[in-house]
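Asks: Please read through the structure below; I'll follow up with questions.
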Amino acid sequence: MKKENLIEINPKIMHGEPVIVGTRIPIYAILDLIAAGYTFGDIIKKAYPQLNIEQIRAAVEYANAVIKNEEVLPLSTSK
């Protein structure tokens, strides 16, 4: 399956949050686990056994594409 077919945005699913197709697993949940130190294997074994590596990669690639196209705003002002 093509990576672009692994992510879906539907206002009827999770209020329009991007999710893995066929699930209610939001992309941010996968990113939260990665940020917490989970490997892709850990995510499958400990959190979402219904996912596979390709789906997790697609989530990371989707998030990367979103960030590349976002306007960057400073978190705080430097003095």
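Each chain in the structure tokens gets a letter, A, B and so on, in the order shown; residues start at 1 in every chain, and ligands are counted from 1 in the order they appear.
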Tell me which protein, DNA and RNA residues are within 10 Å of Ile43 (chain A), counting only C-alpha atoms, leaving out same-chain ones fewer than 3 positions away, and put them as a PyMOL selection string.

Replies: chain A and resi 30+33-34+37-40+46-53+56

Asks: What would the file look like if the residues just selected were written as a compact mmCIF listing (two decimals), in the first residue's frame with N, CA and C atoms?

Replies:
```
# COMPACT_ATOMS: atom_id res chain seq x y z
N ILE A 30 1.13 8.17 18.20
CA ILE A 30 2.34 7.46 17.79
C ILE A 30 3.56 8.33 18.05
N LEU A 33 4.54 8.41 21.71
CA LEU A 33 5.27 7.22 22.13
C LEU A 33 6.73 7.28 21.69
N ILE A 34 6.96 7.73 20.47
CA ILE A 34 8.34 7.86 19.98
C ILE A 34 9.09 8.87 20.84
N GLY A 37 10.46 7.56 23.94
CA GLY A 37 11.55 6.61 23.84
C GLY A 37 11.18 5.24 23.29
N TYR A 38 9.93 5.06 22.90
CA TYR A 38 9.52 3.79 22.32
C TYR A 38 10.15 3.62 20.94
N THR A 39 10.59 2.41 20.63
CA THR A 39 11.00 2.09 19.27
C THR A 39 9.75 1.70 18.49
N PHE A 40 9.89 1.56 17.19
CA PHE A 40 8.74 1.12 16.40
C PHE A 40 8.27 -0.25 16.90
N LYS A 46 3.87 -3.13 22.69
CA LYS A 46 3.34 -2.64 23.96
C LYS A 46 2.09 -1.77 23.86
N ALA A 47 1.88 -1.14 22.72
CA ALA A 47 0.79 -0.17 22.64
C ALA A 47 -0.25 -0.49 21.56
N TYR A 48 0.20 -0.73 20.36
CA TYR A 48 -0.72 -0.92 19.23
C TYR A 48 -0.33 -2.15 18.42
N PRO A 49 -0.65 -3.35 18.91
CA PRO A 49 -0.26 -4.56 18.18
C PRO A 49 -0.92 -4.71 16.81
N GLN A 50 -1.97 -3.93 16.56
CA GLN A 50 -2.64 -3.99 15.27
C GLN A 50 -1.89 -3.23 14.18
N LEU A 51 -0.88 -2.45 14.56
CA LEU A 51 -0.10 -1.68 13.58
C LEU A 51 1.09 -2.48 13.09
N ASN A 52 1.63 -2.02 11.96
CA ASN A 52 2.88 -2.60 11.45
C ASN A 52 3.88 -1.47 11.24
N ILE A 53 5.11 -1.86 10.95
CA ILE A 53 6.19 -0.89 10.78
C ILE A 53 5.86 0.13 9.69
N ILE A 56 3.58 2.84 11.00
CA ILE A 56 4.27 3.75 11.92
C ILE A 56 5.19 4.69 11.15
```

Asks: Using only C-alpha atoms, which protein or nucleic acid residues come within 12 Å of Asn10 (chain A)? Drop anything in the same chain fewer than 4 positions from it, and give the result as a PyMOL selection string.

Replies: chain A and resi 14-24+26

Asks: Using DSSP on the backbone, list every residue of chain A that comes out as helix (DSSP H, G or I), and give them as a PyMOL selection string.

Replies: chain A and resi 3-5+14-16+27-35+40-47+53-68

Asks: Name the closest residue to Leu6 (chain A) among the candidates A:Ala29, A:Val60, A:Ile67, A:Ala35; distances are taken between atoms, counting only C-alpha atoms.

Replies: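 Answer, going by the shortest atom-to-atom distance: A:Val60.
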
Asks: Using DSSP secondary structure from the backbone, list all strand (DSSP E) positions within chain A, as a ChimeraX atom specification.

Replies: /A:7-8,19-20

Asks: What's the separation between CA of Ile27 (chain A) and CA of Tyr62 (chain A), in Å to one decimal place?

Replies: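 So the two atoms, CA of Ile27 (chain A) and CA of Tyr62 (chain A), lie 8.3 Å apart.
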
Asks: By how many Å are CA of Glu70 (chain A) and CA of Glu54 (chain A) apart?

Replies: 24.4 Å
